[in-house]
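Trainee: This is final.txt (compact mmCIF, C-alpha atoms).
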# COMPACT_ATOMS: atom_id res chain seq x y z
CA MET A 26 59.31 125.12 113.44
CA THR A 27 59.32 124.96 109.64
CA VAL A 28 56.94 122.31 108.34
CA PRO A 29 58.85 119.39 106.77
CA PRO A 30 58.05 118.70 103.12
CA GLY A 31 55.64 115.93 102.21
CA ILE A 32 55.08 113.80 99.16
CA ALA A 33 53.02 116.54 97.46
CA ASP A 34 56.00 118.91 97.74
CA ILE A 35 58.26 116.30 96.16
CA ARG A 36 55.83 115.77 93.29
CA ARG A 37 55.71 119.54 92.69
CA ALA A 38 59.51 119.60 92.68
CA ALA A 39 59.52 116.80 90.10
CA ALA A 40 57.23 118.85 87.88
CA ARG A 41 59.56 121.86 88.11
CA LEU A 42 62.58 119.71 87.29
CA SER A 43 60.93 117.85 84.42
CA GLY A 44 63.03 118.15 81.28
CA LEU A 45 65.95 119.70 83.16
CA ILE A 46 67.40 116.76 85.08
CA VAL A 47 68.73 113.39 84.03
CA GLU A 48 66.47 110.54 85.11
CA THR A 49 69.36 108.43 86.30
CA PRO A 50 68.97 104.70 85.59
CA LEU A 51 69.08 101.67 87.85
CA ILE A 52 72.11 99.49 87.13
CA GLU A 53 73.49 96.32 88.69
CA SER A 54 76.50 94.04 88.71
CA PRO A 55 76.29 90.22 88.76
CA GLU A 56 79.58 90.18 90.68
CA LEU A 57 78.29 92.49 93.43
CA ASN A 58 74.98 90.60 93.57
CA LYS A 59 76.96 87.41 94.13
CA ARG A 60 79.19 89.01 96.76
CA TYR A 61 76.32 90.33 98.85
CA GLY A 62 73.88 87.51 98.27
CA GLY A 63 71.03 89.69 97.05
CA ARG A 64 69.98 91.87 94.14
CA ILE A 65 71.67 95.26 94.44
CA LEU A 66 70.42 98.10 92.25
CA PHE A 67 72.49 101.27 91.98
CA LYS A 68 71.11 104.74 91.23
CA PRO A 69 74.08 106.72 89.83
CA GLU A 70 73.53 110.41 90.49
CA THR A 71 77.12 110.67 89.30
CA LEU A 72 75.45 111.01 85.88
CA GLN A 73 73.27 113.90 87.01
CA ARG A 74 73.62 117.47 85.82
CA THR A 75 76.70 119.03 87.55
CA GLY A 76 77.82 115.52 88.56
CA SER A 77 75.70 115.02 91.67
CA PHE A 78 72.18 115.02 93.05
CA LYS A 79 72.57 118.58 94.34
CA PHE A 80 71.21 120.25 91.22
CA ARG A 81 67.76 118.86 92.03
CA GLY A 82 67.42 120.65 95.36
CA ALA A 83 69.18 123.84 94.29
CA TYR A 84 67.00 124.36 91.23
CA ASN A 85 63.84 123.60 93.18
CA LYS A 86 64.84 126.15 95.83
CA LEU A 87 65.50 128.87 93.29
CA SER A 88 62.21 128.01 91.57
CA SER A 89 60.39 128.54 94.87
CA LEU A 90 61.73 132.09 95.22
CA SER A 91 59.79 135.05 93.84
CA GLU A 92 61.21 136.93 90.86
CA GLU A 93 61.97 139.82 93.20
CA GLU A 94 63.90 137.55 95.57
CA ARG A 95 65.86 135.94 92.75
CA GLY A 96 66.57 139.36 91.30
CA ARG A 97 68.56 140.29 94.40
CA GLY A 98 70.77 137.26 93.87
CA VAL A 99 71.44 134.13 95.91
CA VAL A 100 74.13 133.14 98.38
CA ALA A 101 75.16 129.70 99.60
CA PHE A 102 77.90 127.79 101.40
CA SER A 103 79.18 124.42 100.26
CA SER A 104 82.21 122.18 99.97
CA GLY A 105 81.50 121.78 96.27
CA ASN A 106 78.53 119.77 95.01
CA HIS A 107 75.81 122.06 96.37
CA ALA A 108 77.91 124.99 95.16
CA GLN A 109 77.86 123.62 91.63
CA GLY A 110 74.12 122.97 91.81
CA VAL A 111 73.45 126.53 92.98
CA ALA A 112 75.82 128.05 90.43
CA ALA A 113 74.22 126.12 87.57
CA SER A 114 70.69 126.98 88.72
CA ALA A 115 71.53 130.67 89.16
CA ALA A 116 73.00 130.77 85.66
CA MET A 117 69.82 129.25 84.25
CA PHE A 118 67.73 131.93 85.95
CA GLY A 119 70.22 134.64 85.01
CA VAL A 120 70.85 135.76 88.59
CA LYS A 121 73.97 136.55 90.61
CA ALA A 122 75.33 133.83 92.92
CA VAL A 123 77.89 134.18 95.71
CA ILE A 124 79.10 130.92 97.25
CA ALA A 125 81.32 130.47 100.30
CA MET A 126 83.54 127.42 99.86
CA PRO A 127 86.18 125.89 102.15
CA ALA A 128 89.65 126.91 101.04
CA ASP A 129 90.60 123.21 101.04
CA ALA A 130 87.67 122.15 98.84
CA PRO A 131 88.72 120.20 95.74
CA ALA A 132 90.18 122.58 93.17
CA MET A 133 88.05 121.00 90.45
CA LYS A 134 84.84 121.88 92.30
CA ILE A 135 85.96 125.47 92.95
CA GLY A 136 86.95 125.83 89.31
CA ASN A 137 83.62 124.48 88.08
CA VAL A 138 81.68 126.93 90.25
CA ARG A 139 83.64 129.86 88.86
CA LYS A 140 83.17 128.60 85.28
CA MET A 141 79.42 128.68 85.86
CA GLY A 142 79.68 132.38 86.73
CA ALA A 143 79.37 132.34 90.51
CA GLU A 144 81.61 134.32 92.85
CA VAL A 145 83.58 132.11 95.25
CA VAL A 146 84.41 133.32 98.76
CA PRO A 147 86.97 131.04 100.50
CA PHE A 148 86.80 130.24 104.23
CA ASP A 149 88.38 127.89 106.77
CA ARG A 150 86.01 124.96 107.32
CA PHE A 151 87.49 124.23 110.76
CA ARG A 152 87.61 127.77 112.20
CA ASP A 153 85.03 129.92 110.43
CA ASP A 154 81.29 129.97 110.99
CA ARG A 155 79.62 129.63 107.59
CA MET A 156 76.67 131.89 108.39
CA THR A 157 79.05 134.59 109.58
CA VAL A 158 80.96 134.31 106.29
CA VAL A 159 77.83 134.81 104.14
CA ARG A 160 76.09 137.35 106.40
CA PRO A 161 77.32 140.45 104.49
CA TRP A 162 75.53 139.23 101.36
CA LEU A 163 72.41 138.29 103.32
CA GLU A 164 72.35 141.82 104.72
CA LYS A 165 72.39 143.09 101.14
CA GLY A 166 69.16 141.19 100.53
CA MET A 167 70.46 138.11 98.74
CA ALA A 168 68.48 134.91 99.34
CA LEU A 169 70.14 132.05 101.19
CA VAL A 170 70.12 128.66 99.46
CA PRO A 171 71.00 126.24 102.29
CA PRO A 172 72.79 122.97 101.50
CA PHE A 173 70.28 120.65 103.18
CA ASP A 174 68.07 122.00 105.97
CA ASP A 175 65.35 123.60 103.86
CA PRO A 176 61.96 122.21 102.73
CA ALA A 177 62.49 123.08 99.05
CA ILE A 178 65.98 121.58 99.04
CA ILE A 179 64.76 118.39 100.71
CA ALA A 180 61.82 118.12 98.30
CA GLY A 181 64.14 118.48 95.31
CA GLN A 182 66.39 115.69 96.56
CA GLY A 183 63.29 113.60 97.22
CA THR A 184 62.62 113.41 93.48
CA ILE A 185 65.29 110.69 93.41
CA GLY A 186 62.98 108.60 95.58
CA LEU A 187 60.08 109.12 93.18
CA GLU A 188 62.21 107.97 90.25
CA LEU A 189 63.63 105.05 92.20
CA MET A 190 60.27 103.65 93.25
CA THR A 191 58.78 104.10 89.78
CA GLN A 192 61.75 102.34 88.17
CA ALA A 193 61.66 99.45 90.63
CA LYS A 194 57.93 99.00 90.02
CA ALA A 195 58.50 98.97 86.27
CA LEU A 196 60.96 96.11 86.80
CA GLY A 197 58.41 94.25 88.90
CA LEU A 198 60.59 94.54 92.00
CA HIS A 199 59.84 95.22 95.64
CA LEU A 200 62.69 97.03 97.38
CA ASP A 201 63.49 95.59 100.78
CA ALA A 202 65.87 98.43 101.58
CA VAL A 203 67.35 101.66 100.23
CA VAL A 204 70.81 102.85 101.33
CA ILE A 205 71.70 106.53 100.97
CA PRO A 206 74.83 108.65 101.62
CA CYS A 207 74.25 111.12 104.44
CA GLY A 208 75.89 114.40 105.41
CA GLY A 209 73.39 116.92 106.74
CA GLY A 210 70.52 114.61 105.84
CA GLY A 211 68.82 116.42 102.98
CA LEU A 212 69.23 113.53 100.56
CA SER A 213 68.26 110.75 102.96
CA SER A 214 65.28 112.63 104.37
CA GLY A 215 63.90 113.62 100.97
CA ILE A 216 64.29 110.16 99.48
CA SER A 217 62.82 108.54 102.61
CA VAL A 218 59.59 110.53 102.27
CA ALA A 219 59.08 109.29 98.70
CA VAL A 220 60.11 105.70 99.48
CA LYS A 221 57.88 105.41 102.54
CA ASP A 222 54.93 106.88 100.65
CA ALA A 223 55.24 104.23 97.94
CA SER A 224 56.34 101.31 100.13
CA PRO A 225 55.98 101.74 103.93
CA ASP A 226 57.75 98.44 104.67
CA THR A 227 60.92 99.32 102.73
CA ALA A 228 63.77 99.96 105.18
CA VAL A 229 65.70 103.19 104.56
CA TRP A 230 69.31 103.37 105.77
CA ALA A 231 71.77 106.25 105.90
CA ALA A 232 75.52 105.79 105.42
CA GLU A 233 78.08 108.17 106.90
CA PRO A 234 81.87 108.48 107.19
CA GLU A 235 83.46 107.21 110.39
CA TYR A 236 83.82 110.03 112.96
CA PHE A 237 81.21 112.05 111.04
CA ASP A 238 78.33 109.74 112.02
CA ASP A 239 76.24 112.45 113.65
CA THR A 240 73.00 111.07 112.23
CA ARG A 241 73.76 107.58 113.54
CA ARG A 242 74.53 108.89 117.02
CA SER A 243 71.60 111.31 116.94
CA LEU A 244 69.22 108.46 116.10
CA ALA A 245 70.61 106.45 119.01
CA LYS A 246 70.22 109.35 121.45
CA GLY A 247 66.88 110.58 120.12
CA GLU A 248 68.13 114.13 119.63
CA ARG A 249 70.60 115.99 117.44
CA VAL A 250 74.23 115.63 118.46
CA ALA A 251 77.31 117.17 116.85
CA ASN A 252 80.47 115.47 115.65
CA GLU A 253 83.54 115.62 117.84
CA PRO A 254 86.23 117.97 116.45
CA GLY A 255 89.70 116.83 115.45
CA HIS A 256 88.85 114.31 112.76
CA ASN A 257 88.99 114.31 108.99
CA SER A 258 87.92 112.06 106.14
CA ILE A 259 88.35 111.60 102.41
CA CYS A 260 84.56 112.12 102.12
CA ASP A 261 84.79 115.93 101.77
CA ALA A 262 81.31 116.24 100.24
CA ILE A 263 79.46 115.02 103.36
CA LEU A 264 81.47 116.33 106.31
CA THR A 265 78.81 118.25 108.21
CA ALA A 266 78.91 119.28 111.86
CA GLU A 267 75.50 117.91 112.85
CA PRO A 268 72.15 116.89 111.32
CA GLY A 269 69.76 119.60 110.22
CA VAL A 270 66.71 120.41 112.35
CA ILE A 271 64.23 119.59 109.59
CA THR A 272 66.20 116.69 108.14
CA PHE A 273 66.59 114.99 111.52
CA GLU A 274 62.87 115.39 112.24
CA ILE A 275 62.18 113.40 109.07
CA ASN A 276 65.04 110.93 109.41
CA ARG A 277 64.27 109.93 112.99
CA LYS A 278 60.81 108.84 111.83
CA ASN A 279 61.76 107.20 108.55
CA LEU A 280 65.21 105.68 108.89
CA ALA A 281 65.80 102.09 109.98
CA GLY A 282 69.26 103.19 111.07
CA ALA A 283 72.57 104.62 109.96
CA VAL A 284 75.91 102.93 109.28
CA ALA A 285 79.34 104.49 109.79
CA VAL A 286 82.04 103.39 107.33
CA SER A 287 85.80 103.83 107.40
CA ASP A 288 87.79 105.67 104.75
CA LYS A 289 89.39 102.34 103.87
CA ALA A 290 85.99 100.75 103.22
CA THR A 291 84.94 103.78 101.18
CA ALA A 292 88.08 103.63 99.06
CA GLN A 293 87.43 99.96 98.36
CA ALA A 294 83.85 100.79 97.40
CA MET A 295 85.16 103.37 94.92
CA ARG A 296 87.36 100.65 93.42
CA ASP A 297 84.36 98.31 93.20
CA ALA A 298 82.26 101.00 91.51
CA MET A 299 84.97 101.46 88.91
CA ALA A 300 85.60 97.75 88.39
CA PHE A 301 82.05 96.42 88.35
CA LEU A 302 79.82 99.39 87.49
CA LYS A 303 82.30 101.31 85.31
CA LEU A 304 81.56 104.48 87.28
CA VAL A 305 83.79 107.17 88.78
CA VAL A 306 82.28 107.90 92.19
CA GLU A 307 83.69 110.40 94.68
CA PRO A 308 84.30 109.22 98.27
CA GLY A 309 81.22 110.84 99.82
CA GLY A 310 79.11 109.50 96.98
CA CYS A 311 80.26 105.95 97.61
CA VAL A 312 79.63 105.49 101.35
CA ALA A 313 76.31 103.72 100.76
CA LEU A 314 78.07 101.07 98.68
CA ALA A 315 80.70 100.80 101.42
CA ALA A 316 77.92 100.27 103.98
CA LEU A 317 76.90 97.02 102.28
CA GLY A 318 80.02 95.39 103.68
CA SER A 319 79.31 96.47 107.26
CA GLY A 320 77.11 93.50 108.11
CA GLU A 321 74.54 95.84 109.63
CA ILE A 322 72.09 95.74 106.73
CA ASP A 323 70.27 92.49 105.90
CA LEU A 324 71.17 91.72 102.29
CA ALA A 325 70.78 87.95 101.95
CA GLY A 326 68.06 87.23 99.40
CA LYS A 327 66.96 90.87 99.48
CA CYS A 328 66.46 93.49 96.80
CA VAL A 329 68.33 96.63 97.84
CA ALA A 330 68.79 99.99 96.12
CA VAL A 331 71.97 102.00 96.69
CA VAL A 332 72.30 105.69 95.83
CA LEU A 333 75.66 106.78 94.43
CA SER A 334 75.26 110.47 95.11
CA GLY A 335 78.08 112.13 93.18
CA GLY A 336 81.17 111.75 91.05
CA ASN A 337 82.98 115.07 91.30
CA VAL A 338 86.55 114.06 92.02
CA ASP A 339 89.69 115.14 90.18
CA PHE A 340 91.80 112.45 88.54
CA GLY A 341 94.83 112.89 90.80
CA THR A 342 92.86 112.48 94.02
CA TYR A 343 90.86 109.60 92.58
CA ALA A 344 93.99 107.76 91.51
CA GLU A 345 95.64 108.29 94.90
CA ILE A 346 92.61 106.92 96.76
CA LEU A 347 92.32 103.87 94.53
CA ALA A 348 96.03 103.17 94.75
CA ALA A 349 95.77 103.10 98.54
CA ALA A 350 92.61 100.94 98.60
Go ahead and render the structure in this file as structure tokens.
Mentor:
Amino acid sequence: MTVPPGIADIRRAAARLSGLIVETPLIESPELNKRYGGRILFKPETLQRTGSFKFRGAYNKLSSLSEEERGRGVVAFSSGNHAQGVAASAAMFGVKAVIAMPADAPAMKIGNVRKMGAEVVPFDRFRDDRMTVVRPWLEKGMALVPPFDDPAIIAGQGTIGLELMTQAKALGLHLDAVVIPCGGGGLSSGISVAVKDASPDTAVWAAEPEYFDDTRRSLAKGERVANEPGHNSICDAILTAEPGVITFEINRKNLAGAVAVSDKATAQAMRDAMAFLKLVVEPGGCVALAALGSGEIDLAGKCVAVVLSGGNVDFGTYAEILAAA
């Protein structure tokens, strides 16, 4: 089995990303603090390059490839945020990128990937196997840049945890908990490594969409389980079939648990982010904020950090979701 990344890998990723990424701030809202009875700090990766945390992992992965490997080009599959991270990173290295994207992915995300110079290959997210879709390019020698289950990807996402813990320390704060959106687990696993290294007693929680709570159910069973087919969610960015092998190995050791949230709760969280934080956050990026209202995480008198993982949502969809909240 591939060795999971450790804190040294995350620190090396931070060095590679230095000067290229936005060190996203910690922000808070007196109104949300009052509502939840604690001090809630938000880390808005909505402000990150390409509009989500995904640039961190994608760039670190491409940096880890040899010049010869990069020269043959890279291939990926993604519903949008990882695609944009890979496309932007490939453009910076001057290499060809081919990215398989679901045909029903948000048009804005598909358009952004093409603007960055990557070739988009559409597929059916419910019927097609993603590896089968990209195999022709892999057979040509292009390097795969996975969306989450890869040590370099995980380490890149873990740089958020390094920033978070450094920022909290600078404020003189001890974080009782960190809540993180979770799809395949690359973000939660990477951040958890950095958080647990700096503060072993800080509880790390994952947040997932209802019916796509594979990490929550996998933690309960002690092994990876897949989501049942036949469901959908507004959280397009984090609708994965099952946890990654590497990510689950890390998450089962580091997570205090995982919370499943409804689309209705997520839509309300998006409204709260707009009203109280003045941030546009996409549904998948807002599930950790939605999880605060679940009652499953101890917030009373606590200091809790919440990652808002992305803000790539077109205006029409955003307005429709908020109108229905």
Trainee: From the set A:Ala132, A:Ala180, A:Ala290, A:Val250, which residue has the shortest atom-to-atom contact distance to Tyr84 of chain A, counting only C-alpha atoms?
Mentor: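 Closest candidate: A:Ala180.
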Trainee: Residues near Glu248 of chain A, anyone? I mean within 12 Å using all atoms listed in the file, not counting same-chain ones fewer than 4 positions away, as a PDB file with C-alpha atoms, keeping the file's coordinate frame.
Mentor:
ATOM      1  CA  ASP A 239      76.240 112.450 113.650  1.00  0.00           C
ATOM      2  CA  THR A 240      73.000 111.070 112.230  1.00  0.00           C
ATOM      3  CA  ARG A 241      73.760 107.580 113.540  1.00  0.00           C
ATOM      4  CA  ARG A 242      74.530 108.890 117.020  1.00  0.00           C
ATOM      5  CA  SER A 243      71.600 111.310 116.940  1.00  0.00           C
ATOM      6  CA  LEU A 244      69.220 108.460 116.100  1.00  0.00           C
ATOM      7  CA  GLU A 267      75.500 117.910 112.850  1.00  0.00           C
ATOM      8  CA  PRO A 268      72.150 116.890 111.320  1.00  0.00           C
ATOM      9  CA  GLY A 269      69.760 119.600 110.220  1.00  0.00           C
ATOM     10  CA  VAL A 270      66.710 120.410 112.350  1.00  0.00           C
ATOM     11  CA  THR A 272      66.200 116.690 108.140  1.00  0.00           C
ATOM     12  CA  PHE A 273      66.590 114.990 111.520  1.00  0.00           C
ATOM     13  CA  GLU A 274      62.870 115.390 112.240  1.00  0.00           C
ATOM     14  CA  ASN A 276      65.040 110.930 109.410  1.00  0.00           C
ATOM     15  CA  ARG A 277      64.270 109.930 112.990  1.00  0.00           C
ATOM     16  CA  LYS A 278      60.810 108.840 111.830  1.00  0.00           C
TER      17      LYS A 278
END
Trainee: Of the residues A:Leu87, A:Leu200, A:Ala283, A:Cys260, which is the one nearest to Asp238 of chain A, using only C-alpha atoms?
Mentor: A:Ala283
Trainee: Which one of A:Ala344, A:Val312, A:Ile275, A:Ala350 sits closest to Ala292 of chain A if you count all atoms listed in the file?
Mentor: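 Distance minimum relative to Ala292 of chain A lands on A:Ala350.
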Trainee: Which neighbours of Gly63 of chain A fall inside 9 Å, counting all atoms listed in the file, when residues of the same chain fewer than 6 positions from it are skipped, and could you give them as a PyMOL selection string?
Mentor: chain A and resi 57+324-329
Trainee: As an NGL selection string, please: the residues near Val338 of chain A (cut-off 7 Å, all atoms listed in the file, same-chain neighbours under 4 positions excluded).
Mentor: :A and (307 or 342-343)
Trainee: Output C-alpha atoms for every residue in that selection, as a PDB file, keeping the file's coordinate frame.
Mentor:
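Output (part_26.pdb):
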ATOM      1  CA  GLU A 307      83.690 110.400  94.680  1.00  0.00           C
ATOM      2  CA  THR A 342      92.860 112.480  94.020  1.00  0.00           C
ATOM      3  CA  TYR A 343      90.860 109.600  92.580  1.00  0.00           C
TER       4      TYR A 343
END
Trainee: Taking (56.0, 103.9, 99.6) in the file's coordinates, which residues come within 12 Å, counting only C-alpha atoms, written as a VMD selection string?
Mentor: chain A and resid 32 186 to 191 193 to 194 199 to 203 216 to 229 279
Trainee: Keeping only C-alpha atoms, write the selected residues as a short mmCIF file (atom, residue, chain, number, x, y, z; two decimals), keeping the file's coordinate frame.
Mentor:
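Listing of result27.cif after writing:
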data_model
loop_
_atom_site.label_atom_id
_atom_site.label_comp_id
_atom_site.auth_asym_id
_atom_site.auth_seq_id
_atom_site.Cartn_x
_atom_site.Cartn_y
_atom_site.Cartn_z
CA ILE A 32 55.08 113.80 99.16
CA GLY A 186 62.98 108.60 95.58
CA LEU A 187 60.08 109.12 93.18
CA GLU A 188 62.21 107.97 90.25
CA LEU A 189 63.63 105.05 92.20
CA MET A 190 60.27 103.65 93.25
CA THR A 191 58.78 104.10 89.78
CA ALA A 193 61.66 99.45 90.63
CA LYS A 194 57.93 99.00 90.02
CA HIS A 199 59.84 95.22 95.64
CA LEU A 200 62.69 97.03 97.38
CA ASP A 201 63.49 95.59 100.78
CA ALA A 202 65.87 98.43 101.58
CA VAL A 203 67.35 101.66 100.23
CA ILE A 216 64.29 110.16 99.48
CA SER A 217 62.82 108.54 102.61
CA VAL A 218 59.59 110.53 102.27
CA ALA A 219 59.08 109.29 98.70
CA VAL A 220 60.11 105.70 99.48
CA LYS A 221 57.88 105.41 102.54
CA ASP A 222 54.93 106.88 100.65
CA ALA A 223 55.24 104.23 97.94
CA SER A 224 56.34 101.31 100.13
CA PRO A 225 55.98 101.74 103.93
CA ASP A 226 57.75 98.44 104.67
CA THR A 227 60.92 99.32 102.73
CA ALA A 228 63.77 99.96 105.18
CA VAL A 229 65.70 103.19 104.56
CA ASN A 279 61.76 107.20 108.55
#
Trainee: Counting all atoms listed in the file, select every polymer residue within 7 Å of (67.5, 98.2, 111.0) as defined in the file's coordinates, and provide the selection as a VMD selection string.
Mentor: chain A and resid 281 to 282 322
Trainee: Could you dump the residues just selected with C-alpha atoms as a PDB file, keeping the file's coordinate frame?
Mentor:
ATOM      1  CA  ALA A 281      65.800 102.090 109.980  1.00  0.00           C
ATOM      2  CA  GLY A 282      69.260 103.190 111.070  1.00  0.00           C
ATOM      3  CA  ILE A 322      72.090  95.740 106.730  1.00  0.00           C
TER       4      ILE A 322
END
Trainee: Could I see segment 319-328 of chain A restored to all heavy atoms, set down as a PDB file, in the coordinates of the input?
Mentor:
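Writing the result to part.pdb gives the following:
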ATOM      1  N   SER A 319      79.253  96.279 105.804  1.00  0.00           N
ATOM      2  CA  SER A 319      79.310  96.470 107.260  1.00  0.00           C
ATOM      3  C   SER A 319      78.707  95.321 108.042  1.00  0.00           C
ATOM      4  O   SER A 319      78.992  95.141 109.227  1.00  0.00           O
ATOM      5  CB  SER A 319      78.568  97.763 107.638  1.00  0.00           C
ATOM      6  OG  SER A 319      77.164  97.610 107.399  1.00  0.00           O
ATOM      7  N   GLY A 320      77.823  94.555 107.405  1.00  0.00           N
ATOM      8  CA  GLY A 320      77.110  93.500 108.110  1.00  0.00           C
ATOM      9  C   GLY A 320      75.904  93.984 108.879  1.00  0.00           C
ATOM     10  O   GLY A 320      75.183  93.176 109.487  1.00  0.00           O
ATOM     11  N   GLU A 321      75.656  95.273 108.860  1.00  0.00           N
ATOM     12  CA  GLU A 321      74.540  95.840 109.630  1.00  0.00           C
ATOM     13  C   GLU A 321      73.222  95.840 108.871  1.00  0.00           C
ATOM     14  O   GLU A 321      72.155  95.998 109.472  1.00  0.00           O
ATOM     15  CB  GLU A 321      74.886  97.263 110.090  1.00  0.00           C
ATOM     16  CG  GLU A 321      76.067  97.328 111.043  1.00  0.00           C
ATOM     17  CD  GLU A 321      76.309  98.734 111.555  1.00  0.00           C
ATOM     18  OE1 GLU A 321      75.317  99.440 111.863  1.00  0.00           O
ATOM     19  OE2 GLU A 321      77.482  99.143 111.656  1.00  0.00           O
ATOM     20  N   ILE A 322      73.291  95.717 107.558  1.00  0.00           N
ATOM     21  CA  ILE A 322      72.090  95.740 106.730  1.00  0.00           C
ATOM     22  C   ILE A 322      71.840  94.339 106.184  1.00  0.00           C
ATOM     23  O   ILE A 322      72.743  93.709 105.631  1.00  0.00           O
ATOM     24  CB  ILE A 322      72.246  96.741 105.563  1.00  0.00           C
ATOM     25  CG1 ILE A 322      72.557  98.141 106.101  1.00  0.00           C
ATOM     26  CG2 ILE A 322      70.980  96.778 104.705  1.00  0.00           C
ATOM     27  CD1 ILE A 322      72.945  99.139 105.025  1.00  0.00           C
ATOM     28  N   ASP A 323      70.622  93.841 106.357  1.00  0.00           N
ATOM     29  CA  ASP A 323      70.270  92.490 105.900  1.00  0.00           C
ATOM     30  C   ASP A 323      70.185  92.474 104.374  1.00  0.00           C
ATOM     31  O   ASP A 323      69.308  93.101 103.780  1.00  0.00           O
ATOM     32  CB  ASP A 323      68.925  92.082 106.518  1.00  0.00           C
ATOM     33  CG  ASP A 323      68.533  90.653 106.158  1.00  0.00           C
ATOM     34  OD1 ASP A 323      69.387  89.910 105.631  1.00  0.00           O
ATOM     35  OD2 ASP A 323      67.368  90.282 106.416  1.00  0.00           O
ATOM     36  N   LEU A 324      71.101  91.763 103.742  1.00  0.00           N
ATOM     37  CA  LEU A 324      71.170  91.720 102.290  1.00  0.00           C
ATOM     38  C   LEU A 324      70.822  90.366 101.694  1.00  0.00           C
ATOM     39  O   LEU A 324      70.444  90.276 100.523  1.00  0.00           O
ATOM     40  CB  LEU A 324      72.584  92.102 101.824  1.00  0.00           C
ATOM     41  CG  LEU A 324      73.118  93.468 102.268  1.00  0.00           C
ATOM     42  CD1 LEU A 324      74.584  93.611 101.866  1.00  0.00           C
ATOM     43  CD2 LEU A 324      72.288  94.597 101.670  1.00  0.00           C
ATOM     44  N   ALA A 325      70.949  89.307 102.464  1.00  0.00           N
ATOM     45  CA  ALA A 325      70.780  87.950 101.950  1.00  0.00           C
ATOM     46  C   ALA A 325      69.382  87.738 101.360  1.00  0.00           C
ATOM     47  O   ALA A 325      68.374  87.838 102.067  1.00  0.00           O
ATOM     48  CB  ALA A 325      71.029  86.936 103.059  1.00  0.00           C
ATOM     49  N   GLY A 326      69.326  87.466 100.069  1.00  0.00           N
ATOM     50  CA  GLY A 326      68.060  87.230  99.400  1.00  0.00           C
ATOM     51  C   GLY A 326      67.188  88.453  99.249  1.00  0.00           C
ATOM     52  O   GLY A 326      66.025  88.338  98.849  1.00  0.00           O
ATOM     53  N   LYS A 327      67.737  89.629  99.521  1.00  0.00           N
ATOM     54  CA  LYS A 327      66.960  90.870  99.480  1.00  0.00           C
ATOM     55  C   LYS A 327      67.207  91.638  98.190  1.00  0.00           C
ATOM     56  O   LYS A 327      68.212  91.451  97.500  1.00  0.00           O
ATOM     57  CB  LYS A 327      67.316  91.764 100.672  1.00  0.00           C
ATOM     58  CG  LYS A 327      67.196  91.093 102.032  1.00  0.00           C
ATOM     59  CD  LYS A 327      65.772  90.732 102.373  1.00  0.00           C
ATOM     60  CE  LYS A 327      65.687  90.177 103.793  1.00  0.00           C
ATOM     61  NZ  LYS A 327      64.310  89.768 104.149  1.00  0.00           N
ATOM     62  N   CYS A 328      66.293  92.552  97.905  1.00  0.00           N
ATOM     63  CA  CYS A 328      66.460  93.490  96.800  1.00  0.00           C
ATOM     64  C   CYS A 328      66.716  94.871  97.423  1.00  0.00           C
ATOM     65  O   CYS A 328      65.855  95.395  98.135  1.00  0.00           O
ATOM     66  CB  CYS A 328      65.218  93.531  95.916  1.00  0.00           C
ATOM     67  SG  CYS A 328      65.401  94.587  94.455  1.00  0.00           S
TER      68      CYS A 328
END
